[in-house]
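Asker: Here you go, this is data_34.txt (compact mmCIF, C-alpha atoms).
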```
# COMPACT_ATOMS: atom_id res chain seq x y z
CA VAL A 1348 56.86 -36.34 17.37
CA ALA A 1349 57.72 -33.15 15.50
CA ALA A 1350 54.17 -31.84 15.91
CA ALA A 1351 54.33 -32.50 19.66
CA GLU A 1352 57.67 -30.70 19.94
CA GLN A 1353 56.28 -27.71 18.04
CA LEU A 1354 53.19 -27.61 20.23
CA ARG A 1355 55.25 -27.69 23.40
CA ALA A 1356 57.45 -24.89 22.08
CA ARG A 1357 54.36 -22.78 21.34
CA LEU A 1358 53.32 -23.30 24.95
CA GLY A 1359 56.66 -21.87 26.11
CA ASN A 1360 58.36 -25.22 26.82
CA PRO A 1361 56.82 -25.62 30.27
CA ARG A 1362 58.15 -28.17 32.70
CA THR A 1363 54.77 -29.91 32.97
CA VAL A 1364 51.84 -30.17 30.57
CA ILE A 1365 48.54 -31.47 31.94
CA LEU A 1366 45.92 -32.40 29.34
CA SER A 1367 42.20 -33.10 29.57
CA VAL A 1368 39.97 -34.03 26.63
CA ASN A 1369 36.26 -34.21 27.35
CA PRO A 1370 32.85 -34.14 25.68
CA PRO A 1371 30.80 -31.08 26.67
CA GLU A 1372 28.76 -32.80 29.36
CA ARG A 1373 28.13 -31.93 32.99
CA SER A 1374 29.00 -35.51 33.97
CA GLN A 1375 32.61 -34.77 32.97
CA GLY A 1376 33.07 -32.37 35.90
CA ILE A 1377 35.21 -30.03 33.81
CA ALA A 1378 34.56 -26.79 35.70
CA ASP A 1379 35.19 -28.39 39.10
CA ARG A 1380 38.40 -29.97 37.82
CA LEU A 1381 39.71 -26.62 36.57
CA LEU A 1382 38.93 -25.02 39.93
CA ALA A 1383 40.75 -27.88 41.69
CA LEU A 1384 43.79 -27.19 39.52
CA GLY A 1385 43.51 -23.54 40.49
CA ASP A 1386 43.61 -24.56 44.15
CA ALA A 1387 46.70 -26.68 43.43
CA PHE A 1388 48.36 -23.59 41.94
CA ALA A 1389 47.33 -21.55 44.98
CA ASP A 1390 48.68 -23.94 47.61
CA GLY A 1391 51.93 -24.63 45.77
CA ARG A 1392 51.31 -28.22 44.71
CA LEU A 1393 51.67 -27.02 41.12
CA ASP A 1394 53.78 -24.10 39.94
CA PRO A 1395 51.79 -21.91 37.51
CA THR A 1396 55.03 -20.58 36.02
CA GLU A 1397 56.13 -24.08 35.03
CA THR A 1398 52.82 -25.84 34.42
CA VAL A 1399 50.39 -25.55 31.52
CA VAL A 1400 46.92 -27.04 31.52
CA ILE A 1401 45.28 -27.77 28.15
CA GLN A 1402 41.54 -28.31 28.47
CA ILE A 1403 39.94 -29.45 25.22
CA VAL A 1404 36.15 -29.59 25.11
CA LEU A 1405 34.87 -31.56 22.14
CA GLY A 1406 32.28 -29.14 20.82
CA ARG A 1407 29.70 -26.96 22.49
CA SER A 1408 27.24 -28.25 25.03
CA THR A 1409 23.54 -28.25 24.33
CA ASP A 1410 23.25 -26.83 27.86
CA PRO A 1411 24.62 -23.25 27.74
CA THR A 1412 25.12 -23.20 31.50
CA VAL A 1413 27.74 -25.97 31.18
CA THR A 1414 29.69 -23.95 28.62
CA ASP A 1415 29.45 -20.82 30.80
CA GLU A 1416 30.64 -22.66 33.91
CA ILE A 1417 33.70 -24.07 32.12
CA ALA A 1418 34.62 -20.69 30.63
CA GLN A 1419 34.22 -18.98 33.99
CA ALA A 1420 36.35 -21.58 35.76
CA ALA A 1421 39.15 -21.24 33.18
CA ALA A 1422 38.99 -17.45 33.40
CA SER A 1423 39.07 -17.59 37.19
CA VAL A 1424 42.23 -19.71 37.27
CA ASN A 1425 43.94 -17.57 34.65
CA GLY A 1426 42.88 -14.38 36.42
CA ARG A 1427 44.60 -15.51 39.61
CA HIS A 1428 47.69 -17.23 38.25
CA ALA A 1429 48.53 -16.00 34.72
CA ALA A 1430 51.60 -13.98 33.83
CA VAL A 1431 51.89 -11.81 30.72
CA GLY A 1432 51.91 -14.16 27.75
CA ARG A 1433 51.74 -17.26 29.95
CA PRO A 1434 48.21 -18.31 30.92
CA PRO A 1435 48.31 -21.54 32.93
CA VAL A 1436 45.03 -22.76 31.40
CA HIS A 1437 44.46 -23.04 27.65
CA TYR A 1438 40.74 -23.63 27.16
CA ILE A 1439 39.93 -24.92 23.67
CA VAL A 1440 36.55 -25.79 22.17
CA ASP A 1441 37.31 -27.98 19.17
CA THR A 1442 37.01 -31.45 17.68
CA PRO A 1443 40.62 -32.23 16.77
CA SER A 1444 41.40 -34.91 14.22
CA LEU A 1445 43.12 -38.13 15.25
CA ALA A 1446 46.50 -36.75 14.14
CA GLU A 1447 45.92 -33.59 16.17
CA ARG A 1448 44.85 -35.59 19.23
CA VAL A 1449 48.01 -37.70 18.95
CA ALA A 1450 50.09 -34.51 18.96
CA TYR A 1451 48.32 -33.37 22.14
CA TYR A 1452 48.82 -36.78 23.75
CA ARG A 1453 52.52 -36.82 22.85
CA THR A 1454 52.91 -33.33 24.32
CA ALA A 1455 51.27 -34.11 27.66
CA ASP A 1456 53.11 -35.32 30.73
CA VAL A 1457 49.83 -36.17 32.45
CA LEU A 1458 46.36 -36.89 31.12
CA LEU A 1459 43.75 -35.90 33.66
CA ALA A 1460 40.67 -38.01 32.86
CA THR A 1461 38.33 -37.62 35.80
CA PRO A 1462 34.68 -37.86 34.72
CA LEU A 1463 32.15 -37.98 37.52
CA ARG A 1464 30.71 -41.08 35.87
CA GLU A 1465 31.36 -42.76 32.54
CA GLY A 1466 31.26 -46.17 30.97
CA ALA A 1467 34.41 -46.00 28.85
CA THR A 1468 36.79 -43.04 28.88
CA THR A 1469 38.01 -43.00 25.29
CA SER A 1470 40.59 -40.30 25.82
CA ALA A 1471 42.32 -42.44 28.46
CA LEU A 1472 42.57 -45.40 26.08
CA GLU A 1473 43.83 -43.20 23.23
CA PHE A 1474 46.37 -41.56 25.53
CA VAL A 1475 47.80 -44.88 26.66
CA ALA A 1476 48.18 -45.97 23.04
CA ALA A 1477 49.80 -42.72 21.84
CA ALA A 1478 51.58 -41.05 24.78
CA ARG A 1479 55.27 -40.99 25.59
CA ASP A 1480 56.60 -43.89 27.64
CA ASP A 1481 57.21 -41.64 30.66
CA ALA A 1482 53.75 -40.04 30.67
CA ALA A 1483 51.17 -40.69 33.39
CA LEU A 1484 47.41 -41.19 33.48
CA VAL A 1485 45.27 -39.84 36.33
CA LEU A 1486 41.92 -41.57 35.96
CA SER A 1487 38.57 -41.44 37.69
CA GLU A 1488 37.85 -44.55 39.71
CA LEU A 1489 34.20 -44.06 38.68
CA SER A 1490 35.00 -44.67 35.01
CA GLY A 1491 34.49 -48.16 33.65
CA THR A 1492 37.95 -47.86 32.10
CA ALA A 1493 39.49 -47.91 35.58
CA THR A 1494 38.75 -51.64 35.81
CA VAL A 1495 41.02 -52.39 32.85
CA LEU A 1496 43.72 -49.80 33.57
CA PRO A 1497 44.54 -50.35 37.26
CA ASP A 1498 48.04 -48.95 36.71
CA ALA A 1499 46.61 -45.47 36.25
CA PHE A 1500 46.62 -43.16 39.25
CA LEU A 1501 43.02 -43.68 40.32
CA VAL A 1502 41.19 -40.86 42.10
CA ASN A 1503 37.73 -39.99 43.35
CA PRO A 1504 36.62 -37.15 41.03
CA HIS A 1505 34.23 -35.81 43.69
CA ASP A 1506 37.14 -35.17 46.07
CA ALA A 1507 39.31 -32.23 44.93
CA ASP A 1508 42.04 -33.14 47.43
CA ARG A 1509 42.22 -36.67 46.05
CA VAL A 1510 42.46 -35.35 42.49
CA GLN A 1511 45.27 -32.97 43.47
CA ALA A 1512 47.03 -35.79 45.34
CA GLY A 1513 46.73 -38.01 42.27
CA ILE A 1514 48.37 -35.38 40.08
CA THR A 1515 51.15 -34.89 42.63
CA ALA A 1516 51.72 -38.65 42.87
CA ALA A 1517 51.82 -38.99 39.09
CA LEU A 1518 54.39 -36.23 38.71
CA ALA A 1519 56.52 -37.60 41.56
CA SER A 1520 56.44 -41.23 40.44
CA GLY A 1521 59.61 -40.96 38.36
CA SER A 1522 60.70 -44.24 36.78
CA GLN A 1523 57.49 -45.94 37.90
CA ARG A 1524 55.64 -44.05 35.19
CA SER A 1525 57.34 -45.99 32.42
CA ALA A 1526 56.55 -49.34 34.03
CA ARG A 1527 52.93 -48.36 34.63
CA MET A 1528 52.55 -47.08 31.08
CA ALA A 1529 54.10 -50.25 29.64
CA ARG A 1530 51.58 -52.44 31.44
CA MET A 1531 48.64 -50.29 30.40
CA ARG A 1532 49.83 -50.10 26.81
CA SER A 1533 50.22 -53.86 26.67
CA TYR A 1534 46.57 -54.21 27.57
CA VAL A 1535 45.31 -51.52 25.19
CA THR A 1536 47.28 -52.80 22.20
CA THR A 1537 46.40 -56.47 22.66
CA TYR A 1538 42.86 -56.40 24.01
CA HIS A 1539 40.51 -54.85 21.47
CA THR A 1540 37.12 -55.62 20.01
CA PHE A 1541 38.38 -58.60 18.02
CA THR A 1542 40.13 -60.22 20.98
CA TRP A 1543 37.05 -59.51 23.10
CA ALA A 1544 34.86 -61.27 20.55
CA GLU A 1545 37.23 -64.23 20.40
CA ALA A 1546 37.34 -64.50 24.19
CA PHE A 1547 33.56 -64.23 24.40
CA LEU A 1548 33.01 -66.98 21.84
CA ARG A 1549 35.67 -69.13 23.50
CA THR A 1550 33.86 -68.76 26.80
CA LEU A 1551 30.59 -69.72 25.20
CA ARG A 1552 32.15 -72.80 23.64
CA GLY A 1553 33.66 -73.82 26.95
CA THR A 1554 30.49 -73.38 28.94
CA SER A 1555 29.12 -76.76 29.98
CA ARG A 1556 25.43 -77.02 29.35
CA PRO A 1557 23.33 -79.62 31.19
CA SER A 1558 22.79 -82.54 28.88
CA ALA A 1559 19.18 -82.92 27.92
CA GLU A 1560 17.55 -86.30 28.12
CA PRO A 1561 17.51 -87.97 24.72
CA THR A 1562 14.26 -87.48 22.93
CA PRO A 1563 12.51 -90.85 22.79
CA ARG A 1564 12.01 -92.21 19.34
CA PRO A 1565 8.36 -92.33 18.41
CA ARG A 1566 6.85 -95.77 18.68
CA PRO A 1567 5.44 -97.14 15.44
CA LEU A 1568 1.76 -96.80 15.16
CA PRO A 1569 -0.09 -100.05 15.48
CA THR A 1570 -1.49 -101.54 12.30
CA PRO A 1571 -5.02 -100.31 12.17
CA HIS A 1572 -7.58 -103.02 12.79
CA VAL A 1573 -10.16 -102.90 10.10
CA VAL A 1574 -13.55 -104.07 11.18
CA ARG A 1575 -15.31 -105.54 8.20
CA PRO A 1576 -19.07 -105.53 8.05
CA PRO A 1577 -20.64 -108.94 8.40
CA HIS A 1578 -21.48 -110.83 5.19
CA ARG A 1579 -25.11 -110.40 4.39
CA VAL A 1580 -27.04 -113.41 3.15
CA ARG A 1581 -29.96 -112.82 0.92
CA ILE A 1582 -32.96 -115.08 1.51
CA GLY A 1583 -35.50 -115.79 -1.15
```
So, in terms of structure tokens, how does the structure I just supplied come out?

Answerer:
Amino acid sequence: VAAAEQLRARLGNPRTVILSVNPPERSQGIADRLLALGDAFADGRLDPTETVVIQIVLGRSTDPTVTDEIAQAAASVNGRHAAVGRPPVHYIVDTPSLAERVAYYRTADVLLATPLREGATTSALEFVAAARDDAALVLSELSGTATVLPDAFLVNPHDADRVQAGITAALASGSQRSARMARMRSYVTTYHTFTWAEAFLRTLRGTSRPSAEPTPRPRPLPTPHVVRPPHRVRIG
């Protein structure tokens, strides 16, 4: 908690902190997401004087064009909306430790996890486990994690307007955020690999298999009939 408070103070104690944590892959849609946030600043959905975006990219991409696109998008948003000493976008290339990630999660009001496609969005699961009770998750409906966290604000990551609307809805949801977070946290903290394995094995045990016909017992072999050669009689 103290680390989160210190981090928020270093950011200037903004009203809203939006966090994204992504691997350096094009499928994460990082550059497009930053540009969508810039549009939200431009049309007044978000106030750049009261909102800080922290974009953490977990290492450098093997594709240099991906890294360049992200850096250019962050620079574009800051160039249009920054004030002296208060850039709205903090773009960080790093692989923070678990303790450092928890501090980021505790600082954020909203986690924006909107990959264009992904099996499991680890940052969303970590955020639900570590975030404040009144925080909100905006999650891509194209992530496999969306099926287990339906209480997130689900958005189409290919539609910038839907992403912006999801952020706006998350910030305006008030007391609903705590109820949504409680339900998601209940799932994340109770359903893990061990419970999955138990449920899987329980399902296997409960699956009715068609009974096979009993294997007939082998019949005893008949006693072999020995044919004896006829008795020869010697003459003379």

Asker: Do a neighbour search on segment 1358-1373 of chain A at 7 Å with only C-alpha atoms, toss out local chain neighbours closer than 5 positions, and write the hits as a compact mmCIF listing (two decimals) with C-alpha atoms, in the frame of the given file.

Answerer:
```txt
# COMPACT_ATOMS: atom_id res chain seq x y z
CA GLU A 1397 56.13 -24.08 35.03
CA THR A 1398 52.82 -25.84 34.42
CA VAL A 1399 50.39 -25.55 31.52
CA VAL A 1400 46.92 -27.04 31.52
CA ILE A 1401 45.28 -27.77 28.15
CA GLN A 1402 41.54 -28.31 28.47
CA ILE A 1403 39.94 -29.45 25.22
CA VAL A 1404 36.15 -29.59 25.11
CA LEU A 1405 34.87 -31.56 22.14
CA GLY A 1406 32.28 -29.14 20.82
CA ARG A 1407 29.70 -26.96 22.49
CA SER A 1408 27.24 -28.25 25.03
CA VAL A 1413 27.74 -25.97 31.18
CA ALA A 1455 51.27 -34.11 27.66
CA ASP A 1456 53.11 -35.32 30.73
CA VAL A 1457 49.83 -36.17 32.45
CA LEU A 1458 46.36 -36.89 31.12
CA LEU A 1459 43.75 -35.90 33.66
CA ALA A 1460 40.67 -38.01 32.86
CA SER A 1470 40.59 -40.30 25.82
```

Asker: Suppose you want the space between atom CA of Asp1498 of chain A and atom CA of Val1510 of chain A; what is it in Å?

Answerer: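 One can read the atom CA of Asp1498 of chain A to atom CA of Val1510 of chain A distance as 15.8 Å.
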
Asker: Using only C-alpha atoms, which residue out of A:Val1440, A:Ala1529, A:Ala1517, A:Ala1482 lies closest to Val1502 of chain A?

Answerer: A:Ala1517

Asker: Ranking A:Val1485, A:Leu1518, A:Ala1383, A:Ala1476 by minimum distance to Ser1533 of chain A and counting all atoms listed in the file, which one comes first?

Answerer: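 For Ser1533 of chain A, the nearest of the given residues is A:Ala1476.
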
Asker: Using all atoms listed in the file for the distances, tell me which of A:Asp1386, A:Glu1545, A:Asp1506, A:Asp1481 is nearest to Arg1524 of chain A.

Answerer: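 Ranking A:Asp1386, A:Glu1545, A:Asp1506, A:Asp1481 by distance to Arg1524 of chain A, first place goes to A:Asp1481.
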
Asker: What does the structure give for the distance between atom CA of His1505 of chain A and atom CA of Gln1375 of chain A, in Å to one decimal?

Answerer: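 Between atom CA of His1505 of chain A and atom CA of Gln1375 of chain A the gap works out to 10.9 Å.
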
Asker: Would you compute the distance between atom CA of Phe1500 of chain A and atom CA of Leu1484 of chain A? Give it in Å to one decimal.

Answerer: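 Between atom CA of Phe1500 of chain A and atom CA of Leu1484 of chain A the gap works out to 6.1 Å.
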
Asker: Do you know which residues are at most 9 Å from Leu1463 of chain A counting only C-alpha atoms, after dropping those on the same chain fewer than 3 positions away, and could you put them as a list in words?

Answerer: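 Those residues are Arg1373, Ser1374, Gln1375, Gly1376, Ser1487, Glu1488, Leu1489, Ser1490, Asn1503, Pro1504 and His1505 of chain A.
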
Asker: A:Ala1499, A:Leu1382, A:Ala1351, A:Ala1478: which is nearest Val1424 of chain A, counting only C-alpha atoms?

Answerer: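 Closest residue, counting only C-alpha atoms: A:Leu1382.
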
Asker: Which residue, A:Ala1544, A:Leu1384, A:Ile1377, A:Ala1349, has the smallest gap to Ala1507 of chain A when you use all atoms listed in the file?

Answerer: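 Closest to Ala1507 of chain A, using all atoms listed in the file: A:Leu1384.
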
Asker: Enclose segment 1476-1484 of chain A, meaning all of its atoms listed in the file, in a box aligned along x, y and z, pad it by 6 Å on each side, and list the centre and edge lengths in Å to one decimal, as JSON.

Answerer:
```
{"center_x": 52.3, "center_y": -43.0, "center_z": 27.7, "size_x": 21.8, "size_y": 17.9, "size_z": 23.6}
```

Asker: When you look at Ala1450 of chain A with a cut-off of 8 Å (counting all atoms listed in the file), what residues show up, excluding the ones that are within fewer than 6 positions of it in the same chain? I need them as a PyMOL selection string.

Answerer: chain A and resi 1348+1350-1351+1354
